[in-house]
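Working notes, beginning with the structure itself.
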Amino acid sequence: MRGLRERAPSVTIVNEYGPTEATVGCVSLRVGPGDELPAGMMLIGTPVANTKVFVLDRSLGPVPPGAAGELYLTGAGLARGYHRRAGLTAARFVACPYLGGERMYRTGDLARWTRDGRLEYLGRIDDQVKVRGFRIELGEIEAVLAAAPGVAQAVAAVREATPGDKRLAGYVVPGPGRAGDSDQLAAAVREHAAGRLPEYMVPGTVTVLEALPLTPNGKVDRRALPAPGLSGAGTGAGRGPQTVAEEIACRLFAEVLGVDRVGAEESFFELGGHSLLAVTLA
């Protein structure tokens with residue numbers, strides 16, 4: 001939408017969100033000439049007439065503005081269910097605890113309310129992953145990465161450097177004027193994320209790409225994302241080892257982290273290390 005606004009600044013753009021099960025257009029966003037689109041956010045707007053939207057947690061409790069939850073829809077446009085698929089209908093069309101006798105459709109989409117009462121789309125619930133015992137919504141991480149200064153697009157993914165060692169990786173596309181300073185941008189994005197996310201949700205690496213790989217229907221192709229780059233870290237950047245103890249520590253860091261070389265002043269955790277790997281290191 002932002003690209004269309006840049007090419008046609010005098011046109012009013014209307015974006016409609018909604019699954020087939022809720023008659024497609026049930027949340028709408030209208031952007032007129034001169035209206036600003038918040039950077040790093042995928043706004044989908046507000047419910048249309050005769051439609052109600054809920055953003056709920058796993059216990060079907062409402063989440064506060066700014067918190068992520070699953071998007072549920074109900075109203076006049078709701079379908080009766082899936083033809084001759086009673087089990088799937090029961091799983092996706094559930095009783096609405098806030099409207100007596102009404103049903104609501106669980107979309108499987110991750111969203112949150114903004115402070116001004118609009119909906120922001122964050123991704124799919126099935127993008128939820130489990131890393132080191134923590135359940136993580138990749139959409140939440142992507143929203144923080146995309147909001148970092150100098151970032152136009154962002155994606156988070158889970159990669160295995162070695163079998164069983166799952167690590168979070170961030171991928172960003174630089175905004176105008178930021179091409180060419182990949183290492184600085186990667187470090188700045190990671191610092192931005194560390195100040196806004198708990199430690200276990202901060203990507204161990206941030207890789208700067210010219211563009212995100214896309215599937216034929218225009219969605220991000222996560223399987224085509226390259227192996228994470230360390231953006232200057234883990235390549236022996238900075239001072240080399242000067243003592244036998246430093247040489248041994250650098251070699252062990254590199255071995256456990258799965259990188260070629262580690263500088264004497266590089267941080268184990270900033271290179272993607274975590275508590276479980278620290279036990280291996282010890």
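In the structure tokens, chains take the letters A, B, ... in the order shown, each chain's residues start at 1, and ligands count up from 1 in the order shown.
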field: Spatial neighbours of Gly150 (chain A), 10 Å, only C-alpha atoms, chain gap at least 4 places, as a count of residues only
entry: 12
task: Would you mind listing what lies within 9 Å of Ile13 (chain A) as a list in words, with only C-alpha atoms counted and same-chain residues fewer than 4 positions away left out?
output: Met1, Leu4, Arg5, Leu29, Arg30, Val31, Gly32 and Pro33 of chain A
query: Could you write out, as a PyMOL selection string, all the residues of region 24-200 of chain A that DSSP marks as alpha helix (DSSP H)?
result: chain A and resi 86-92+138-146+182-194
- prompt: Which residues come within 12 Å of Tyr98 (chain A), counting only C-alpha atoms, excluding same-chain residues fewer than 2 positions away, as a list in words?
  reply: Lys52, Val53, Phe54, Leu56, Leu60, Gly61, Pro62, Tyr72, Leu73, Thr74, Val94, Ala95, Cys96, Gly100, Gly101, Glu102, Arg103 and Met104 of chain A
Store the residues picked out above, limited to all heavy atoms, as a short mmCIF file (atom, residue, chain, number, x, y, z; two decimals), in the first residue's frame.
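For reference, selection_4.cif as written:
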```
data_model
loop_
_atom_site.label_atom_id
_atom_site.label_comp_id
_atom_site.auth_asym_id
_atom_site.auth_seq_id
_atom_site.Cartn_x
_atom_site.Cartn_y
_atom_site.Cartn_z
N LYS A 52 -18.29 -7.68 14.18
CA LYS A 52 -17.54 -7.45 15.41
C LYS A 52 -16.25 -8.24 15.37
O LYS A 52 -16.20 -9.35 14.83
CB LYS A 52 -18.37 -7.86 16.64
CG LYS A 52 -19.54 -6.93 16.92
CD LYS A 52 -20.19 -7.25 18.24
CE LYS A 52 -21.35 -6.30 18.53
NZ LYS A 52 -20.87 -4.90 18.65
N VAL A 53 -15.20 -7.64 15.91
CA VAL A 53 -13.87 -8.24 15.90
C VAL A 53 -13.36 -8.34 17.33
O VAL A 53 -13.50 -7.40 18.12
CB VAL A 53 -12.89 -7.39 15.06
CG1 VAL A 53 -11.48 -7.93 15.18
CG2 VAL A 53 -13.33 -7.38 13.60
N PHE A 54 -12.78 -9.47 17.66
CA PHE A 54 -12.17 -9.67 18.97
C PHE A 54 -10.72 -10.11 18.78
O PHE A 54 -10.42 -10.91 17.88
CB PHE A 54 -12.91 -10.74 19.77
CG PHE A 54 -14.36 -10.45 20.00
CD1 PHE A 54 -15.32 -11.00 19.17
CD2 PHE A 54 -14.77 -9.62 21.03
CE1 PHE A 54 -16.67 -10.73 19.36
CE2 PHE A 54 -16.11 -9.34 21.24
CZ PHE A 54 -17.07 -9.90 20.40
N LEU A 56 -8.10 -12.04 20.99
CA LEU A 56 -8.19 -12.83 22.22
C LEU A 56 -6.93 -13.65 22.47
O LEU A 56 -6.20 -14.00 21.53
CB LEU A 56 -9.40 -13.77 22.13
CG LEU A 56 -10.75 -13.14 21.79
CD1 LEU A 56 -11.83 -14.21 21.66
CD2 LEU A 56 -11.14 -12.09 22.83
N LEU A 60 -9.40 -17.29 25.40
CA LEU A 60 -10.49 -16.49 24.84
C LEU A 60 -10.76 -15.23 25.66
O LEU A 60 -11.87 -14.70 25.66
CB LEU A 60 -11.78 -17.31 24.69
CG LEU A 60 -11.70 -18.50 23.73
CD1 LEU A 60 -13.08 -19.15 23.58
CD2 LEU A 60 -11.17 -18.09 22.37
N GLY A 61 -9.73 -14.76 26.35
CA GLY A 61 -9.83 -13.50 27.07
C GLY A 61 -9.31 -12.37 26.20
O GLY A 61 -8.35 -12.55 25.44
N PRO A 62 -9.93 -11.18 26.26
CA PRO A 62 -9.47 -10.05 25.44
C PRO A 62 -8.09 -9.57 25.87
O PRO A 62 -7.78 -9.53 27.06
CB PRO A 62 -10.54 -8.99 25.68
CG PRO A 62 -11.14 -9.35 27.00
CD PRO A 62 -11.08 -10.84 27.11
N TYR A 72 -10.58 -12.94 16.00
CA TYR A 72 -11.86 -13.64 15.86
C TYR A 72 -12.88 -12.70 15.25
O TYR A 72 -12.89 -11.50 15.55
CB TYR A 72 -12.37 -14.12 17.23
CG TYR A 72 -11.61 -15.27 17.83
CD1 TYR A 72 -10.38 -15.07 18.43
CD2 TYR A 72 -12.14 -16.56 17.81
CE1 TYR A 72 -9.67 -16.14 18.99
CE2 TYR A 72 -11.45 -17.63 18.38
CZ TYR A 72 -10.22 -17.40 18.97
OH TYR A 72 -9.54 -18.47 19.53
N LEU A 73 -13.76 -13.24 14.40
CA LEU A 73 -14.76 -12.44 13.70
C LEU A 73 -16.15 -13.00 13.94
O LEU A 73 -16.35 -14.22 14.01
CB LEU A 73 -14.49 -12.46 12.19
CG LEU A 73 -13.12 -11.95 11.72
CD1 LEU A 73 -12.91 -12.32 10.26
CD2 LEU A 73 -13.00 -10.46 11.93
N THR A 74 -17.13 -12.11 14.05
CA THR A 74 -18.52 -12.52 14.13
C THR A 74 -19.39 -11.42 13.52
O THR A 74 -18.91 -10.32 13.27
CB THR A 74 -18.95 -12.79 15.59
OG1 THR A 74 -20.26 -13.36 15.60
CG2 THR A 74 -18.94 -11.52 16.42
N VAL A 94 -16.63 -21.17 16.74
CA VAL A 94 -16.80 -21.46 18.17
C VAL A 94 -17.78 -20.49 18.80
O VAL A 94 -18.07 -19.41 18.25
CB VAL A 94 -15.44 -21.39 18.89
CG1 VAL A 94 -14.48 -22.43 18.32
CG2 VAL A 94 -14.82 -19.99 18.77
N ALA A 95 -18.30 -20.88 19.96
CA ALA A 95 -19.25 -20.02 20.66
C ALA A 95 -18.57 -18.73 21.11
O ALA A 95 -17.42 -18.74 21.56
CB ALA A 95 -19.81 -20.75 21.87
N CYS A 96 -19.27 -17.63 20.95
CA CYS A 96 -18.73 -16.33 21.34
C CYS A 96 -19.08 -16.06 22.80
O CYS A 96 -20.26 -15.97 23.15
CB CYS A 96 -19.30 -15.23 20.45
SG CYS A 96 -18.68 -13.58 20.90
N GLY A 100 -24.24 -13.55 23.60
CA GLY A 100 -25.03 -14.74 23.88
C GLY A 100 -25.66 -15.33 22.63
O GLY A 100 -26.33 -14.62 21.86
N GLY A 101 -25.44 -16.63 22.39
CA GLY A 101 -26.04 -17.31 21.26
C GLY A 101 -25.34 -17.10 19.94
O GLY A 101 -25.74 -17.68 18.93
N GLU A 102 -24.29 -16.29 19.92
CA GLU A 102 -23.57 -16.01 18.67
C GLU A 102 -22.33 -16.91 18.55
O GLU A 102 -21.78 -17.38 19.54
CB GLU A 102 -23.12 -14.55 18.62
CG GLU A 102 -24.26 -13.55 18.58
CD GLU A 102 -24.97 -13.53 17.23
OE1 GLU A 102 -24.30 -13.85 16.22
OE2 GLU A 102 -26.16 -13.20 17.20
N ARG A 103 -21.93 -17.15 17.32
CA ARG A 103 -20.69 -17.86 17.06
C ARG A 103 -19.65 -16.89 16.51
O ARG A 103 -20.00 -15.82 16.01
CB ARG A 103 -20.90 -18.99 16.04
CG ARG A 103 -21.84 -20.10 16.47
CD ARG A 103 -22.08 -21.05 15.31
NE ARG A 103 -22.46 -20.33 14.11
CZ ARG A 103 -21.98 -20.59 12.89
NH1 ARG A 103 -21.11 -21.55 12.72
NH2 ARG A 103 -22.38 -19.88 11.85
N MET A 104 -18.39 -17.27 16.61
CA MET A 104 -17.34 -16.45 16.02
C MET A 104 -16.35 -17.37 15.31
O MET A 104 -16.21 -18.55 15.65
CB MET A 104 -16.64 -15.59 17.07
CG MET A 104 -16.02 -16.36 18.22
SD MET A 104 -15.33 -15.23 19.46
CE MET A 104 -14.60 -16.41 20.60
#
```
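Once Leu197 (chain A) and its same-chain neighbours fewer than 6 positions away are set aside, A:Ile136, A:Glu137, A:Leu138, A:Glu140, A:Ile141, A:Glu142, A:Ala143, A:Val144, A:Leu145, A:Val189, A:Arg190, A:Glu191, A:Pro203 remain within 12 Å of it when counting only C-alpha atoms.
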Limited to N, CA, C and O atoms, could you put the picked residues into a file as a compact mmCIF listing (two decimals), in the first residue's frame?
```
# COMPACT_ATOMS: atom_id res chain seq x y z
N ILE A 136 7.09 -18.52 21.00
CA ILE A 136 7.40 -17.22 20.41
C ILE A 136 6.52 -16.98 19.19
O ILE A 136 6.35 -17.87 18.36
N GLU A 137 5.95 -15.78 19.11
CA GLU A 137 5.20 -15.37 17.93
C GLU A 137 6.15 -14.59 17.01
O GLU A 137 6.62 -13.51 17.37
N LEU A 138 6.46 -15.16 15.87
CA LEU A 138 7.39 -14.49 14.96
C LEU A 138 6.86 -13.12 14.52
O LEU A 138 7.63 -12.20 14.28
N GLU A 140 5.36 -10.89 16.28
CA GLU A 140 5.73 -9.85 17.25
C GLU A 140 7.16 -9.38 17.02
O GLU A 140 7.46 -8.18 17.10
N ILE A 141 8.06 -10.31 16.75
CA ILE A 141 9.45 -9.95 16.50
C ILE A 141 9.56 -9.14 15.21
O ILE A 141 10.25 -8.13 15.16
N GLU A 142 8.84 -9.58 14.19
CA GLU A 142 8.89 -8.88 12.91
C GLU A 142 8.39 -7.45 13.03
O GLU A 142 8.94 -6.53 12.40
N ALA A 143 7.36 -7.24 13.85
CA ALA A 143 6.83 -5.88 14.02
C ALA A 143 7.87 -4.97 14.66
O ALA A 143 8.01 -3.80 14.27
N VAL A 144 8.63 -5.49 15.61
CA VAL A 144 9.67 -4.69 16.26
C VAL A 144 10.81 -4.42 15.29
O VAL A 144 11.32 -3.29 15.20
N LEU A 145 11.24 -5.43 14.55
CA LEU A 145 12.33 -5.23 13.59
C LEU A 145 11.94 -4.22 12.52
O LEU A 145 12.73 -3.36 12.14
N VAL A 189 19.69 -2.54 14.29
CA VAL A 189 18.40 -3.24 14.39
C VAL A 189 18.40 -4.18 15.58
O VAL A 189 17.42 -4.27 16.33
N ARG A 190 19.50 -4.89 15.77
CA ARG A 190 19.57 -5.81 16.90
C ARG A 190 19.53 -5.05 18.23
O ARG A 190 18.90 -5.48 19.19
N GLU A 191 20.19 -3.91 18.28
CA GLU A 191 20.15 -3.08 19.49
C GLU A 191 18.74 -2.57 19.74
O GLU A 191 18.25 -2.53 20.87
N PRO A 203 16.58 -11.75 18.02
CA PRO A 203 17.31 -12.59 17.05
C PRO A 203 18.80 -12.58 17.33
O PRO A 203 19.39 -11.53 17.59
```
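Taking CA of Val202 (chain A) as the reference point, CA of Ala254 (chain A) is found at 20.3 Å.
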- request: With a distance cut-off of 9 Å and only C-alpha atoms, select the neighbouring residues of Leu110 (chain A), excluding the residue or stretch itself and same-chain residues fewer than 3 positions from it, and output the selection as a PyMOL selection string.
  value: chain A and resi 55+68-71+107+120-125+137+139-140
Kindly export the residues of the current selection with all heavy atoms, as a short mmCIF file (atom, residue, chain, number, x, y, z; two decimals), in the first residue's frame.
```
data_model
loop_
_atom_site.label_atom_id
_atom_site.label_comp_id
_atom_site.auth_asym_id
_atom_site.auth_seq_id
_atom_site.Cartn_x
_atom_site.Cartn_y
_atom_site.Cartn_z
N VAL A 55 -9.82 -9.59 19.60
CA VAL A 55 -8.44 -10.06 19.65
C VAL A 55 -8.27 -10.72 21.01
O VAL A 55 -8.30 -10.06 22.05
CB VAL A 55 -7.44 -8.90 19.45
CG1 VAL A 55 -6.00 -9.43 19.50
CG2 VAL A 55 -7.69 -8.19 18.13
N ALA A 68 -0.46 -8.75 21.41
CA ALA A 68 -0.84 -9.61 20.29
C ALA A 68 -1.79 -10.71 20.74
O ALA A 68 -1.70 -11.21 21.86
CB ALA A 68 0.41 -10.23 19.67
N GLY A 69 -2.70 -11.08 19.86
CA GLY A 69 -3.63 -12.17 20.13
C GLY A 69 -4.21 -12.67 18.83
O GLY A 69 -3.93 -12.13 17.75
N GLU A 70 -5.04 -13.71 18.92
CA GLU A 70 -5.67 -14.25 17.70
C GLU A 70 -6.91 -13.45 17.36
O GLU A 70 -7.67 -13.04 18.24
CB GLU A 70 -6.03 -15.73 17.88
CG GLU A 70 -6.56 -16.35 16.60
CD GLU A 70 -6.72 -17.86 16.66
OE1 GLU A 70 -6.43 -18.45 17.72
OE2 GLU A 70 -7.13 -18.46 15.65
N LEU A 71 -7.12 -13.24 16.08
CA LEU A 71 -8.24 -12.44 15.58
C LEU A 71 -9.46 -13.33 15.38
O LEU A 71 -9.39 -14.35 14.69
CB LEU A 71 -7.83 -11.79 14.27
CG LEU A 71 -8.77 -10.74 13.67
CD1 LEU A 71 -8.87 -9.53 14.57
CD2 LEU A 71 -8.26 -10.31 12.29
N THR A 107 -9.73 -16.92 13.06
CA THR A 107 -9.08 -16.74 11.75
C THR A 107 -7.72 -17.41 11.65
O THR A 107 -7.25 -17.69 10.55
CB THR A 107 -8.90 -15.24 11.45
OG1 THR A 107 -7.98 -14.69 12.42
CG2 THR A 107 -10.23 -14.50 11.51
N GLU A 120 -3.92 -3.98 13.65
CA GLU A 120 -2.65 -4.21 12.96
C GLU A 120 -2.46 -5.71 12.78
O GLU A 120 -2.57 -6.49 13.73
CB GLU A 120 -1.48 -3.64 13.78
CG GLU A 120 -0.13 -3.89 13.11
CD GLU A 120 1.04 -3.48 14.00
OE1 GLU A 120 0.81 -3.04 15.14
OE2 GLU A 120 2.19 -3.64 13.55
N TYR A 121 -2.22 -6.12 11.55
CA TYR A 121 -1.99 -7.53 11.23
C TYR A 121 -0.53 -7.87 11.50
O TYR A 121 0.38 -7.17 11.08
CB TYR A 121 -2.33 -7.78 9.76
CG TYR A 121 -2.08 -9.19 9.30
CD1 TYR A 121 -3.02 -10.20 9.51
CD2 TYR A 121 -0.91 -9.53 8.62
CE1 TYR A 121 -2.80 -11.49 9.08
CE2 TYR A 121 -0.68 -10.83 8.19
CZ TYR A 121 -1.63 -11.80 8.42
OH TYR A 121 -1.41 -13.09 8.00
N LEU A 122 -0.29 -8.99 12.21
CA LEU A 122 1.06 -9.36 12.59
C LEU A 122 1.55 -10.65 11.95
O LEU A 122 2.73 -10.98 12.04
CB LEU A 122 1.17 -9.50 14.12
CG LEU A 122 0.88 -8.24 14.93
CD1 LEU A 122 0.88 -8.57 16.42
CD2 LEU A 122 1.89 -7.15 14.63
N GLY A 123 0.66 -11.41 11.33
CA GLY A 123 1.08 -12.68 10.74
C GLY A 123 0.12 -13.80 11.09
O GLY A 123 -1.02 -13.56 11.51
N ARG A 124 0.58 -15.02 10.97
CA ARG A 124 -0.24 -16.18 11.24
C ARG A 124 0.10 -16.79 12.59
O ARG A 124 1.25 -16.79 13.03
CB ARG A 124 -0.03 -17.24 10.16
CG ARG A 124 -0.57 -16.87 8.80
CD ARG A 124 -2.08 -16.91 8.79
NE ARG A 124 -2.60 -18.26 9.07
CZ ARG A 124 -3.88 -18.52 9.31
NH1 ARG A 124 -4.77 -17.54 9.31
NH2 ARG A 124 -4.28 -19.75 9.54
N ILE A 125 -0.94 -17.31 13.27
CA ILE A 125 -0.72 -18.01 14.52
C ILE A 125 0.17 -19.21 14.30
O ILE A 125 0.98 -19.58 15.16
CB ILE A 125 -2.08 -18.45 15.14
CG1 ILE A 125 -2.83 -17.22 15.66
CG2 ILE A 125 -1.87 -19.45 16.27
CD1 ILE A 125 -2.16 -16.52 16.83
N GLU A 137 5.95 -15.78 19.11
CA GLU A 137 5.20 -15.37 17.93
C GLU A 137 6.15 -14.59 17.01
O GLU A 137 6.62 -13.51 17.37
CB GLU A 137 4.02 -14.47 18.33
CG GLU A 137 3.11 -15.04 19.40
CD GLU A 137 2.16 -16.09 18.85
OE1 GLU A 137 2.28 -16.43 17.65
OE2 GLU A 137 1.32 -16.58 19.61
N GLY A 139 5.53 -13.00 14.44
CA GLY A 139 4.95 -11.72 14.03
C GLY A 139 5.29 -10.59 14.98
O GLY A 139 5.49 -9.44 14.56
N GLU A 140 5.36 -10.89 16.28
CA GLU A 140 5.73 -9.85 17.25
C GLU A 140 7.16 -9.38 17.02
O GLU A 140 7.46 -8.18 17.10
CB GLU A 140 5.56 -10.39 18.67
CG GLU A 140 4.13 -10.65 19.09
CD GLU A 140 4.03 -10.99 20.56
OE1 GLU A 140 4.30 -10.11 21.39
OE2 GLU A 140 3.68 -12.14 20.87
#
```
Identify, with DSSP run on backbone atoms, the residues in region 99-188 of chain A assigned to strand (DSSP E), and express the list as a JSON list (two decimals) with N, CA and C atoms, in the first residue's frame.
```json
[["chain", "number", "residue", "atom", "x", "y", "z"],
["A", 103, "ARG", "N", -21.93, -17.15, 17.32],
["A", 103, "ARG", "CA", -20.69, -17.86, 17.06],
["A", 103, "ARG", "C", -19.65, -16.89, 16.51],
["A", 104, "MET", "N", -18.39, -17.27, 16.61],
["A", 104, "MET", "CA", -17.34, -16.45, 16.02],
["A", 104, "MET", "C", -16.35, -17.37, 15.31],
["A", 105, "TYR", "N", -15.69, -16.81, 14.33],
["A", 105, "TYR", "CA", -14.74, -17.58, 13.53],
["A", 105, "TYR", "C", -13.31, -17.24, 13.96],
["A", 106, "ARG", "N", -12.55, -18.28, 14.28],
["A", 106, "ARG", "CA", -11.14, -18.06, 14.64],
["A", 106, "ARG", "C", -10.32, -18.07, 13.36],
["A", 107, "THR", "N", -9.73, -16.92, 13.06],
["A", 107, "THR", "CA", -9.08, -16.74, 11.75],
["A", 107, "THR", "C", -7.72, -17.41, 11.65],
["A", 108, "GLY", "N", -7.05, -17.62, 12.79],
["A", 108, "GLY", "CA", -5.68, -18.10, 12.74],
["A", 108, "GLY", "C", -4.69, -16.98, 12.47],
["A", 109, "ASP", "N", -5.19, -15.74, 12.41],
["A", 109, "ASP", "CA", -4.32, -14.58, 12.19],
["A", 109, "ASP", "C", -3.94, -13.93, 13.51],
["A", 110, "LEU", "N", -2.74, -13.46, 13.58],
["A", 110, "LEU", "CA", -2.24, -12.75, 14.75],
["A", 110, "LEU", "C", -2.41, -11.25, 14.51],
["A", 111, "ALA", "N", -2.97, -10.55, 15.50],
["A", 111, "ALA", "CA", -3.24, -9.12, 15.33],
["A", 111, "ALA", "C", -3.18, -8.42, 16.68],
["A", 112, "ARG", "N", -3.27, -7.11, 16.64],
["A", 112, "ARG", "CA", -3.39, -6.34, 17.88],
["A", 112, "ARG", "C", -4.09, -5.03, 17.59],
["A", 113, "TRP", "N", -4.73, -4.48, 18.62],
["A", 113, "TRP", "CA", -5.37, -3.17, 18.53],
["A", 113, "TRP", "C", -4.33, -2.09, 18.74],
["A", 119, "LEU", "N", -6.82, -1.97, 13.78],
["A", 119, "LEU", "CA", -6.22, -3.30, 13.86],
["A", 119, "LEU", "C", -4.92, -3.35, 13.06],
["A", 120, "GLU", "N", -3.92, -3.98, 13.65],
["A", 120, "GLU", "CA", -2.65, -4.21, 12.96],
["A", 120, "GLU", "C", -2.46, -5.71, 12.78],
["A", 121, "TYR", "N", -2.22, -6.12, 11.55],
["A", 121, "TYR", "CA", -1.99, -7.53, 11.23],
["A", 121, "TYR", "C", -0.53, -7.87, 11.50],
["A", 122, "LEU", "N", -0.29, -8.99, 12.21],
["A", 122, "LEU", "CA", 1.06, -9.36, 12.59],
["A", 122, "LEU", "C", 1.55, -10.65, 11.95],
["A", 123, "GLY", "N", 0.66, -11.41, 11.33],
["A", 123, "GLY", "CA", 1.08, -12.68, 10.74],
["A", 123, "GLY", "C", 0.12, -13.80, 11.09],
["A", 124, "ARG", "N", 0.58, -15.02, 10.97],
["A", 124, "ARG", "CA", -0.24, -16.18, 11.24],
["A", 124, "ARG", "C", 0.10, -16.79, 12.59],
["A", 128, "GLN", "N", 3.81, -19.41, 15.04],
["A", 128, "GLN", "CA", 4.31, -19.55, 16.41],
["A", 128, "GLN", "C", 5.34, -20.67, 16.45],
["A", 129, "VAL", "N", 6.44, -20.43, 17.14],
["A", 129, "VAL", "CA", 7.50, -21.42, 17.21],
["A", 129, "VAL", "C", 7.90, -21.60, 18.67],
["A", 130, "LYS", "N", 8.64, -22.65, 18.93],
["A", 130, "LYS", "CA", 9.14, -22.90, 20.28],
["A", 130, "LYS", "C", 10.65, -22.98, 20.21],
["A", 131, "VAL", "N", 11.31, -22.08, 20.94],
["A", 131, "VAL", "CA", 12.76, -22.01, 20.95],
["A", 131, "VAL", "C", 13.23, -22.03, 22.39],
["A", 134, "PHE", "N", 10.63, -21.65, 25.08],
["A", 134, "PHE", "CA", 9.76, -20.48, 25.04],
["A", 134, "PHE", "C", 8.90, -20.51, 23.78],
["A", 135, "ARG", "N", 7.60, -20.23, 23.96],
["A", 135, "ARG", "CA", 6.71, -20.09, 22.80],
["A", 135, "ARG", "C", 6.84, -18.65, 22.28],
["A", 136, "ILE", "N", 7.09, -18.52, 21.00],
["A", 136, "ILE", "CA", 7.40, -17.22, 20.41],
["A", 136, "ILE", "C", 6.52, -16.98, 19.19],
["A", 137, "GLU", "N", 5.95, -15.78, 19.11],
["A", 137, "GLU", "CA", 5.20, -15.37, 17.93],
["A", 137, "GLU", "C", 6.15, -14.59, 17.01],
["A", 151, "VAL", "N", 14.68, 0.67, 8.40],
["A", 151, "VAL", "CA", 14.22, -0.63, 7.92],
["A", 151, "VAL", "C", 12.92, -0.46, 7.14],
["A", 152, "ALA", "N", 12.87, -1.03, 5.93],
["A", 152, "ALA", "CA", 11.66, -0.98, 5.12],
["A", 152, "ALA", "C", 10.80, -2.22, 5.30],
["A", 153, "GLN", "N", 11.44, -3.40, 5.40],
["A", 153, "GLN", "CA", 10.74, -4.67, 5.58],
["A", 153, "GLN", "C", 11.55, -5.55, 6.51],
["A", 154, "ALA", "N", 10.85, -6.47, 7.19],
["A", 154, "ALA", "CA", 11.55, -7.36, 8.12],
["A", 154, "ALA", "C", 10.83, -8.70, 8.23],
["A", 155, "VAL", "N", 11.61, -9.73, 8.44],
["A", 155, "VAL", "CA", 11.09, -11.08, 8.64],
["A", 155, "VAL", "C", 11.93, -11.75, 9.73],
["A", 156, "ALA", "N", 11.27, -12.56, 10.54],
["A", 156, "ALA", "CA", 11.98, -13.36, 11.54],
["A", 156, "ALA", "C", 11.77, -14.83, 11.22],
["A", 157, "ALA", "N", 12.76, -15.63, 11.49],
["A", 157, "ALA", "CA", 12.68, -17.06, 11.20],
["A", 157, "ALA", "C", 13.50, -17.82, 12.23],
["A", 158, "VAL", "N", 13.24, -19.13, 12.31],
["A", 158, "VAL", "CA", 14.02, -20.01, 13.17],
["A", 158, "VAL", "C", 14.92, -20.86, 12.30],
["A", 159, "ARG", "N", 16.19, -20.83, 12.60],
["A", 159, "ARG", "CA", 17.16, -21.63, 11.84],
["A", 159, "ARG", "C", 17.90, -22.56, 12.80],
["A", 160, "GLU", "N", 18.36, -23.68, 12.29],
["A", 160, "GLU", "CA", 19.14, -24.63, 13.08],
["A", 160, "GLU", "C", 20.58, -24.60, 12.57],
["A", 161, "ALA", "N", 21.47, -23.99, 13.37],
["A", 161, "ALA", "CA", 22.88, -23.97, 12.99],
["A", 161, "ALA", "C", 23.44, -25.40, 13.01],
["A", 162, "THR", "N", 23.01, -26.16, 14.01],
["A", 162, "THR", "CA", 23.30, -27.59, 14.10],
["A", 162, "THR", "C", 22.01, -28.28, 14.48],
["A", 165, "ASP", "N", 19.66, -27.36, 17.55],
["A", 165, "ASP", "CA", 20.01, -26.05, 18.11],
["A", 165, "ASP", "C", 19.26, -24.97, 17.34],
["A", 166, "LYS", "N", 18.05, -24.66, 17.79],
["A", 166, "LYS", "CA", 17.22, -23.68, 17.10],
["A", 166, "LYS", "C", 17.59, -22.27, 17.57],
["A", 167, "ARG", "N", 17.75, -21.38, 16.59],
["A", 167, "ARG", "CA", 18.09, -19.99, 16.90],
["A", 167, "ARG", "C", 17.21, -19.06, 16.08],
["A", 168, "LEU", "N", 16.91, -17.92, 16.68],
["A", 168, "LEU", "CA", 16.13, -16.90, 15.97],
["A", 168, "LEU", "C", 17.04, -16.09, 15.06],
["A", 169, "ALA", "N", 16.56, -15.85, 13.85],
["A", 169, "ALA", "CA", 17.32, -15.04, 12.90],
["A", 169, "ALA", "C", 16.40, -13.96, 12.34],
["A", 170, "GLY", "N", 16.94, -12.76, 12.21],
["A", 170, "GLY", "CA", 16.19, -11.65, 11.63],
["A", 170, "GLY", "C", 16.72, -11.32, 10.24],
["A", 171, "TYR", "N", 15.82, -10.90, 9.36],
["A", 171, "TYR", "CA", 16.18, -10.48, 8.01],
["A", 171, "TYR", "C", 15.50, -9.14, 7.74],
["A", 172, "VAL", "N", 16.25, -8.17, 7.28],
["A", 172, "VAL", "CA", 15.68, -6.85, 7.03],
["A", 172, "VAL", "C", 16.09, -6.34, 5.65],
["A", 173, "VAL", "N", 15.21, -5.53, 5.09],
["A", 173, "VAL", "CA", 15.50, -4.81, 3.84],
["A", 173, "VAL", "C", 15.65, -3.34, 4.22],
["A", 174, "PRO", "N", 16.77, -2.71, 3.86],
["A", 174, "PRO", "CA", 16.98, -1.31, 4.25],
["A", 174, "PRO", "C", 16.04, -0.36, 3.53]]
```
field: Coordinates-based distance that separates CA of Ser28 (chain A) from CA of Arg115 (chain A) (Å, one decimal)
entry: 17.1 Å
message: Which residue is closest to Thr114 (chain A)? Choose from A:Thr12, A:Thr46, A:Thr20, A:Thr89 and count only C-alpha atoms.
response: A:Thr46
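Residues in contact with Glu16 (chain A) at 8 Å, where only C-alpha atoms are counted and same-chain residues fewer than 5 positions away are skipped, are listed as A:Val24, A:Gly25, A:Cys26, A:Val27, A:Ser28, A:Leu29, A:Ile44.
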